[in-house]
$ cat run_33.txt   # compact mmCIF, C-alpha atoms (C1' of nucleotides)
# COMPACT_ATOMS: atom_id res chain seq x y z
CA MET A 1 -14.68 22.41 -4.81
CA THR A 2 -16.02 18.92 -5.02
CA PRO A 3 -13.92 16.29 -6.80
CA ASP A 4 -15.46 14.52 -9.76
CA PRO A 5 -16.48 10.88 -9.54
CA ILE A 6 -13.71 8.40 -10.36
CA THR A 7 -14.08 7.27 -13.96
CA LYS A 8 -14.32 3.89 -15.61
CA SER A 9 -10.60 3.49 -16.39
CA PHE A 10 -9.85 3.33 -12.66
CA TYR A 11 -12.00 0.21 -12.33
CA ALA A 12 -10.89 -1.41 -15.60
CA ARG A 13 -7.72 -2.81 -14.00
CA PRO A 14 -6.72 -5.87 -11.97
CA THR A 15 -9.13 -6.21 -9.06
CA LEU A 16 -6.46 -6.35 -6.36
CA THR A 17 -5.01 -3.08 -7.65
CA VAL A 18 -8.42 -1.44 -7.62
CA ALA A 19 -9.13 -2.80 -4.14
CA ALA A 20 -5.90 -1.41 -2.71
CA GLU A 21 -6.44 1.99 -4.32
CA LEU A 22 -10.04 2.24 -3.17
CA ILE A 23 -8.75 2.54 0.40
CA GLY A 24 -8.85 6.23 1.24
CA LYS A 25 -11.31 7.08 -1.53
CA VAL A 26 -14.75 8.43 -0.60
CA LEU A 27 -18.05 6.68 -1.24
CA VAL A 28 -20.90 9.15 -1.69
CA HIS A 29 -24.67 8.67 -2.01
CA GLU A 30 -27.04 11.52 -2.66
CA THR A 31 -30.75 11.09 -2.09
CA ARG A 32 -33.70 13.36 -1.49
CA ALA A 33 -32.80 13.17 2.19
CA GLY A 34 -29.36 14.61 1.53
CA ILE A 35 -25.76 13.56 0.99
CA ALA A 36 -24.01 10.89 3.00
CA ALA A 37 -20.37 9.95 2.50
CA GLY A 38 -17.45 8.18 4.11
CA MET A 39 -13.83 7.24 3.48
CA ILE A 40 -13.34 3.62 2.47
CA VAL A 41 -11.26 1.82 5.12
CA GLU A 42 -11.95 -1.85 4.35
CA VAL A 43 -12.64 -3.78 1.14
CA GLU A 44 -12.59 -7.34 -0.20
CA ALA A 45 -11.86 -8.60 -3.71
CA TYR A 46 -13.93 -11.29 -5.44
CA ILE A 47 -12.32 -12.41 -8.63
CA GLY A 48 -13.66 -14.63 -11.36
CA GLU A 49 -15.44 -17.94 -11.71
CA ASP A 50 -12.42 -19.71 -10.21
CA ASP A 51 -12.90 -17.90 -6.90
CA PRO A 52 -15.34 -20.12 -5.00
CA ALA A 53 -16.50 -17.21 -2.84
CA CYS A 54 -17.27 -15.00 -5.83
CA HIS A 55 -20.88 -14.85 -6.90
CA ALA A 56 -19.69 -15.66 -10.41
CA ALA A 57 -18.50 -19.11 -9.27
CA PRO A 58 -21.59 -20.90 -10.68
CA GLY A 59 -21.20 -19.10 -13.98
CA PRO A 60 -23.50 -16.41 -15.32
CA THR A 61 -26.93 -16.17 -13.71
CA LYS A 62 -29.61 -13.55 -13.51
CA ARG A 63 -28.41 -12.46 -10.10
CA ASN A 64 -24.70 -12.05 -10.83
CA ALA A 65 -25.17 -10.46 -14.25
CA PRO A 66 -23.72 -7.10 -13.11
CA LEU A 67 -20.38 -8.84 -12.42
CA TYR A 68 -20.15 -9.66 -16.10
CA GLY A 69 -21.08 -6.13 -17.09
CA PRO A 70 -18.93 -3.05 -17.57
CA PRO A 71 -16.42 -2.04 -14.87
CA GLY A 72 -17.22 1.00 -12.80
CA HIS A 73 -20.79 -0.03 -12.13
CA ALA A 74 -22.33 -1.01 -8.80
CA TYR A 75 -23.28 -4.57 -7.93
CA VAL A 76 -25.76 -4.44 -5.07
CA TYR A 77 -27.50 -7.50 -3.72
CA LEU A 78 -29.55 -8.56 -0.72
CA ASN A 79 -27.83 -10.86 1.72
CA TYR A 80 -29.42 -12.89 4.52
CA GLY A 81 -32.71 -11.29 3.54
CA ILE A 82 -31.75 -8.20 5.48
CA HIS A 83 -28.59 -6.50 4.31
CA ASN A 84 -27.78 -4.79 1.04
CA LEU A 85 -24.12 -5.22 0.11
CA VAL A 86 -22.42 -2.91 -2.38
CA ASN A 87 -19.57 -3.79 -4.75
CA ALA A 88 -17.67 -1.91 -7.44
CA VAL A 89 -17.37 -4.01 -10.60
CA THR A 90 -13.78 -4.25 -11.89
CA GLU A 91 -11.67 -5.68 -14.73
CA ALA A 92 -13.48 -5.84 -18.07
CA GLU A 93 -16.86 -6.70 -19.48
CA GLY A 94 -17.12 -10.49 -19.50
CA SER A 95 -14.54 -10.78 -16.70
CA PRO A 96 -16.64 -11.18 -13.57
CA ALA A 97 -14.91 -9.50 -10.62
CA ALA A 98 -15.69 -6.84 -8.04
CA VAL A 99 -14.58 -5.14 -4.85
CA LEU A 100 -16.91 -5.34 -1.86
CA ILE A 101 -16.97 -2.19 0.27
CA ARG A 102 -16.92 -3.36 3.89
CA ALA A 103 -16.41 -0.27 6.05
CA LEU A 104 -16.24 3.53 5.95
CA GLU A 105 -15.06 6.32 8.17
CA PRO A 106 -18.07 8.67 8.27
CA LEU A 107 -17.41 12.09 6.71
CA ASP A 108 -20.57 13.84 5.48
CA GLY A 109 -24.21 13.58 6.45
CA ILE A 110 -23.46 12.04 9.81
CA GLU A 111 -26.80 13.09 11.29
CA LEU A 112 -28.60 11.57 8.32
CA MET A 113 -26.67 8.34 8.70
CA GLN A 114 -27.37 8.28 12.43
CA ARG A 115 -31.06 8.57 11.66
CA ARG A 116 -30.94 5.74 9.13
CA ARG A 117 -29.05 3.48 11.50
CA SER A 118 -30.96 4.42 14.62
CA ARG A 119 -33.00 1.61 15.96
CA GLY A 120 -34.97 3.81 18.29
CA ASN A 121 -32.57 3.01 21.08
CA GLY A 122 -29.46 5.02 21.77
CA PRO A 123 -27.33 6.67 19.07
CA VAL A 124 -24.69 4.71 17.19
CA ASP A 125 -21.13 5.75 17.94
CA LEU A 126 -19.16 7.29 15.09
CA ALA A 127 -16.76 4.39 14.58
CA GLY A 128 -19.60 1.91 14.39
CA LEU A 129 -21.80 4.00 12.09
CA CYS A 130 -20.44 2.52 8.83
CA ARG A 131 -18.62 -0.55 10.17
CA GLY A 132 -19.61 -3.68 8.27
CA PRO A 133 -20.96 -4.02 4.73
CA GLY A 134 -24.59 -4.20 5.85
CA ASN A 135 -24.28 -1.26 8.17
CA LEU A 136 -22.68 1.08 5.68
CA THR A 137 -25.32 0.53 3.01
CA GLN A 138 -28.01 1.24 5.57
CA ALA A 139 -26.23 4.41 6.67
CA LEU A 140 -25.87 5.65 3.08
CA GLY A 141 -29.36 4.53 2.07
CA ILE A 142 -28.05 2.15 -0.59
CA THR A 143 -30.63 -0.39 -1.77
CA LEU A 144 -31.23 -2.75 -4.68
CA LYS A 145 -32.34 0.27 -6.69
CA GLN A 146 -28.67 1.19 -6.99
CA ASN A 147 -27.80 -2.20 -8.50
CA ARG A 148 -26.05 -1.74 -11.88
CA SER A 149 -25.84 2.02 -11.42
CA ASP A 150 -22.91 3.81 -13.04
CA LEU A 151 -20.43 4.84 -10.35
CA SER A 152 -19.00 7.56 -12.56
CA ARG A 153 -22.30 9.43 -12.74
CA GLY A 154 -24.17 9.30 -9.46
CA PRO A 155 -26.30 9.55 -7.43
CA LEU A 156 -23.97 6.87 -6.09
CA TRP A 157 -20.29 7.43 -6.79
CA ILE A 158 -16.71 7.23 -5.50
CA GLU A 159 -14.43 10.26 -5.49
CA ASP A 160 -10.81 11.06 -4.65
CA ARG A 161 -10.41 13.81 -2.08
CA GLY A 162 -6.68 13.25 -1.78
CA LEU A 163 -6.99 11.96 1.78
CA SER A 164 -4.03 10.27 3.44
CA PRO A 165 -5.64 7.19 4.91
CA GLY A 166 -2.64 5.55 6.59
CA THR A 167 -1.26 2.04 6.22
CA ALA A 168 -3.37 -0.75 4.76
CA SER A 169 -2.63 -4.45 4.85
CA TRP A 170 -3.95 -7.66 3.28
CA SER A 171 -5.58 -10.46 5.22
CA ARG A 172 -8.14 -13.23 4.78
CA ARG A 173 -11.66 -12.44 3.72
CA ILE A 174 -14.33 -12.47 6.39
CA GLY A 175 -17.66 -14.20 6.74
CA ILE A 176 -17.35 -16.64 3.87
CA ARG A 177 -17.28 -20.43 4.02
CA VAL A 178 -15.20 -21.13 0.92
CA GLY A 179 -12.14 -19.54 -0.57
CA VAL A 180 -11.10 -18.41 2.90
CA GLU A 181 -7.42 -18.91 2.19
CA ARG A 182 -7.15 -16.11 -0.36
CA PRO A 183 -5.79 -12.96 1.35
CA TRP A 184 -7.98 -10.60 -0.61
CA ARG A 185 -9.21 -8.36 2.18
CA CYS A 186 -7.52 -4.97 2.38
CA ALA A 187 -8.03 -2.77 5.43
CA LEU A 188 -6.45 0.15 7.25
CA VAL A 189 -4.35 -1.13 10.12
CA GLY A 190 -5.85 -0.24 13.47
CA HIS A 191 -8.66 1.90 12.08
CA PRO A 192 -11.60 1.91 14.51
CA ALA A 193 -14.21 1.54 11.75
CA VAL A 194 -12.74 -1.69 10.36
CA SER A 195 -15.01 -4.62 11.02
CA GLY A 196 -13.14 -7.05 13.22
CA ARG A 197 -14.43 -10.52 13.58
CA PRO A 198 -11.45 -12.45 14.87
CA PRO A 199 -11.30 -15.90 13.24
CA SER A 200 -12.45 -18.53 15.70
CA PRO A 201 -10.08 -21.49 16.04
CA PHE A 202 -12.88 -23.89 15.21
CA GLY A 203 -15.03 -22.04 12.77
CA LEU A 204 -17.09 -25.07 11.85
CA ARG A 205 -20.75 -24.73 12.50
CA ARG A 206 -23.11 -27.54 11.87
CA ALA A 207 -26.56 -26.43 10.95
CA GLY A 208 -28.77 -28.55 13.11
CA LYS A 209 -32.17 -29.45 11.95
C1' DC B 1 -14.53 -11.76 27.96
C1' DG B 2 -16.45 -15.86 24.67
C1' DT B 3 -19.85 -18.22 21.46
C1' DT B 4 -24.67 -19.10 19.62
C1' DC B 5 -28.70 -18.05 17.27
C1' DG B 6 -32.90 -15.73 15.19
C1' DA B 7 -34.43 -12.47 11.75
C1' DT B 8 -35.42 -12.21 6.89
C1' DG B 9 -35.88 -12.34 1.26
C1' DC B 10 -34.57 -14.00 -2.77
C1' DA B 11 -31.82 -16.60 -6.26
C1' DC B 12 -30.70 -20.95 -7.26
C1' DT B 13 -31.14 -26.37 -7.59
C1' DG C 1 -36.41 -26.35 0.13
C1' DT C 2 -31.65 -24.61 0.94
C1' DG C 3 -28.13 -21.41 1.79
C1' DC C 4 -26.09 -17.31 2.14
C1' DA C 5 -19.82 -11.89 1.05
C1' DT C 6 -24.65 -10.06 8.17
C1' DC C 7 -25.99 -8.01 12.57
C1' DG C 8 -26.77 -7.71 17.26
C1' DA C 9 -29.06 -9.56 21.22
C1' DA C 10 -28.72 -13.25 24.35
C1' DC C 11 -26.64 -16.30 26.46
C1' DG C 12 -22.37 -19.06 28.88
C1' DT C 13 -17.68 -18.80 31.34
$ encode --input "run_33.txt" --output "structure tokens"
Amino acid sequence: MTPDPITKSFYARPTLTVAAELIGKVLVHETRAGIAAGMIVEVEAYIGEDDPACHAAPGPTKRNAPLYGPPGHAYVYLNYGIHNLVNAVTEAEGSPAAVLIRALEPLDGIELMQRRRSRGNGPVDLAGLCRGPGNLTQALGITLKQNRSDLSRGPLWIEDRGLSPGTASWSRRIGIRVGVERPWRCALVGHPAVSGRPPSPFGLRRAGK
DNA sequence: CGTTCGATGCACT
DNA sequence: GTGCATCGAACGT
């Protein structure tokens, strides 16, 4: 028996609550190629126009419109011209906030995911298959077509299989230049699929010309 | 080990 | 024209 997709009321709550409870849930994407799924092991919260790292910081734009839309929908966008990143919209309509899915433990469709991630070189090891927000969307075949899609209907959804994920803890968000101080990243302690970029002591990088 | 840098597309100013 | 919620190869130590 396959569990039903998590419904809208789950997402229509404070973003930090949703983020914490998404750990251990299962992200599933079904395409013509088949089903691919993994347990969520790492997320980050982006909350409101006051959060400088949130895409809603400049106020409503064409790009961030899904953040202002109904909770329980996907916000997918292209980053660095290469990577699709997937979020679950939270809170309420008009309250721009979302949870970024950063890493999964592969569960279903592993061969399919290997194929999608394969760069023609060697195979990707299991722990690295869905580690990092850009890698997991590639493995699941998530693209901009899934932007604004309803996560309670599919073909992209999140379900509760009653897994016992282990202990999660909060830390600083990764890979952003502003709003770094907010400890809004939630990840399973010691899980091999969690993306670990240790913070460099001098993270400043000057873009030369 | 560590850090740097190129690839790449699109929204935003 | 600029700047990313990234990734991984290519360096240096």
$ atom_distance --input "run_33.txt" --atom1 "atom CA of Trp170 of chain A" --atom2 "atom CA of Ala187 of chain A"
6.7 Å
$ closest_atom_pairs --input "run_33.txt" --of "chain B" --to "chain A" --cutoff "8 Å" --atoms "only C-alpha atoms (C1' of nucleotides)" --output "Markdown table"
| residue | atom | partner | partner_atom | distance |
| --- | --- | --- | --- | --- |
| B:DT8 | C1' | A:Gly81 | CA | 4.4 |
| B:DG9 | C1' | A:Gly81 | CA | 4.0 |
| B:DC10 | C1' | A:Gly81 | CA | 7.1 |
| B:DA11 | C1' | A:Arg63 | CA | 6.6 |
$ closest_atom_pairs --input "run_33.txt" --of "chain A" --to "chain C" --cutoff "10 Å" --atoms "all atoms listed in the file" --output "Markdown table"
| residue | atom | partner | partner_atom | distance |
| --- | --- | --- | --- | --- |
| A:Glu44 | CA | C:DA5 | C1' | 8.6 |
| A:Ala45 | CA | C:DA5 | C1' | 9.8 |
| A:Tyr46 | CA | C:DA5 | C1' | 8.8 |
| A:Ala53 | CA | C:DA5 | C1' | 7.4 |
| A:Cys54 | CA | C:DA5 | C1' | 8.0 |
| A:His55 | CA | C:DA5 | C1' | 8.5 |
| A:Leu78 | CA | C:DC4 | C1' | 9.8 |
| A:Asn79 | CA | C:DC4 | C1' | 6.7 |
| A:Tyr80 | CA | C:DC4 | C1' | 6.0 |
| A:Gly81 | CA | C:DC4 | C1' | 9.1 |
| A:Ile82 | CA | C:DT6 | C1' | 7.8 |
| A:His83 | CA | C:DT6 | C1' | 6.6 |
| A:Asn84 | CA | C:DT6 | C1' | 9.4 |
| A:Leu85 | CA | C:DA5 | C1' | 8.0 |
| A:Val86 | CA | C:DA5 | C1' | 10.0 |
| A:Asn87 | CA | C:DA5 | C1' | 10.0 |
| A:Leu100 | CA | C:DA5 | C1' | 7.7 |
| A:Arg102 | CA | C:DA5 | C1' | 9.4 |
| A:Gly132 | CA | C:DT6 | C1' | 8.1 |
| A:Pro133 | CA | C:DT6 | C1' | 7.9 |
| A:Gly134 | CA | C:DT6 | C1' | 6.3 |
| A:Asn135 | CA | C:DC7 | C1' | 8.2 |
| A:Arg173 | CA | C:DA5 | C1' | 8.6 |
| A:Ile174 | CA | C:DA5 | C1' | 7.7 |
| A:Gly175 | CA | C:DA5 | C1' | 6.5 |
| A:Ile176 | CA | C:DA5 | C1' | 6.1 |
| A:Arg177 | CA | C:DA5 | C1' | 9.4 |
$ atom_distance --input "run_33.txt" --atom1 "atom CA of Gly94 of chain A" --atom2 "atom CA of Gly141 of chain A"
29.0 Å
$ closest_residue --input "run_33.txt" --among "A:Leu67, A:Val28, A:Val41, A:Leu107" --to "Leu188 of chain A" --atoms "only C-alpha atoms"
A:Val41
$ residues_around --input "run_33.txt" --residues "Ala92 of chain A" --least-positions-apart "3" --cutoff "7 Å" --atoms "only C-alpha atoms (C1' of nucleotides)" --output "list in words"
Ala12, Pro70, Pro71 and Ser95 of chain A
$ atom_distance --input "run_33.txt" --atom1 "atom CA of Ser195 of chain A" --atom2 "atom CA of Leu104 of chain A"
9.7 Å
$ closest_residue --input "run_33.txt" --among "A:Ala168, A:Glu105, A:Arg115, A:Glu42" --to "Gly196 of chain A" --atoms "only C-alpha atoms"
A:Glu42
$ decode --input "run_33.txt" --residues "segment 153-170 of chain A" --atoms "N, CA and C atoms" --output "mmCIF file, in the first residue's frame"
data_model
loop_
_atom_site.group_PDB
_atom_site.id
_atom_site.type_symbol
_atom_site.label_atom_id
_atom_site.label_comp_id
_atom_site.auth_asym_id
_atom_site.auth_seq_id
_atom_site.Cartn_x
_atom_site.Cartn_y
_atom_site.Cartn_z
ATOM 1 N N ARG A 153 -1.033 16.413 -5.239
ATOM 2 C CA ARG A 153 -1.660 15.695 -6.352
ATOM 3 C C ARG A 153 -0.690 14.879 -7.195
ATOM 4 N N GLY A 154 0.547 15.284 -7.312
ATOM 5 C CA GLY A 154 1.433 14.615 -8.226
ATOM 6 C C GLY A 154 1.404 15.247 -9.588
ATOM 7 N N PRO A 155 2.304 14.866 -10.475
ATOM 8 C CA PRO A 155 3.239 13.734 -10.395
ATOM 9 C C PRO A 155 4.419 13.965 -9.448
ATOM 10 N N LEU A 156 4.449 15.153 -8.843
ATOM 11 C CA LEU A 156 5.498 15.413 -7.845
ATOM 12 C C LEU A 156 4.826 15.583 -6.501
ATOM 13 N N TRP A 157 5.183 14.767 -5.518
ATOM 14 C CA TRP A 157 4.523 14.877 -4.227
ATOM 15 C C TRP A 157 5.441 14.434 -3.086
ATOM 16 N N ILE A 158 4.969 14.672 -1.851
ATOM 17 C CA ILE A 158 5.683 14.216 -0.655
ATOM 18 C C ILE A 158 4.738 13.339 0.143
ATOM 19 N N GLU A 159 5.225 12.204 0.603
ATOM 20 C CA GLU A 159 4.378 11.274 1.346
ATOM 21 C C GLU A 159 5.053 10.867 2.650
ATOM 22 N N ASP A 160 4.235 10.337 3.559
ATOM 23 C CA ASP A 160 4.709 9.896 4.874
ATOM 24 C C ASP A 160 4.677 8.384 4.924
ATOM 25 N N ARG A 161 5.839 7.768 4.929
ATOM 26 C CA ARG A 161 5.910 6.306 4.998
ATOM 27 C C ARG A 161 6.148 5.817 6.422
ATOM 28 N N GLY A 162 6.104 6.748 7.373
ATOM 29 C CA GLY A 162 6.309 6.368 8.765
ATOM 30 C C GLY A 162 7.725 5.937 9.076
ATOM 31 N N LEU A 163 8.683 6.449 8.300
ATOM 32 C CA LEU A 163 10.087 6.092 8.540
ATOM 33 C C LEU A 163 10.595 6.755 9.817
ATOM 34 N N SER A 164 11.549 6.109 10.453
ATOM 35 C CA SER A 164 12.210 6.694 11.620
ATOM 36 C C SER A 164 13.573 7.201 11.205
ATOM 37 N N PRO A 165 13.662 8.494 10.930
ATOM 38 C CA PRO A 165 14.861 9.014 10.280
ATOM 39 C C PRO A 165 16.066 9.144 11.199
ATOM 40 N N GLY A 166 15.859 9.289 12.515
ATOM 41 C CA GLY A 166 16.988 9.554 13.397
ATOM 42 C C GLY A 166 16.939 10.987 13.905
ATOM 43 N N THR A 167 18.035 11.448 14.455
ATOM 44 C CA THR A 167 18.055 12.764 15.089
ATOM 45 C C THR A 167 18.426 13.862 14.097
ATOM 46 N N ALA A 168 17.623 14.931 14.098
ATOM 47 C CA ALA A 168 17.930 16.083 13.253
ATOM 48 C C ALA A 168 18.366 17.250 14.132
ATOM 49 N N SER A 169 19.140 18.150 13.555
ATOM 50 C CA SER A 169 19.523 19.338 14.319
ATOM 51 C C SER A 169 19.577 20.566 13.419
ATOM 52 N N TRP A 170 19.445 21.743 14.037
ATOM 53 C CA TRP A 170 19.442 23.007 13.307
ATOM 54 C C TRP A 170 20.846 23.594 13.221
#
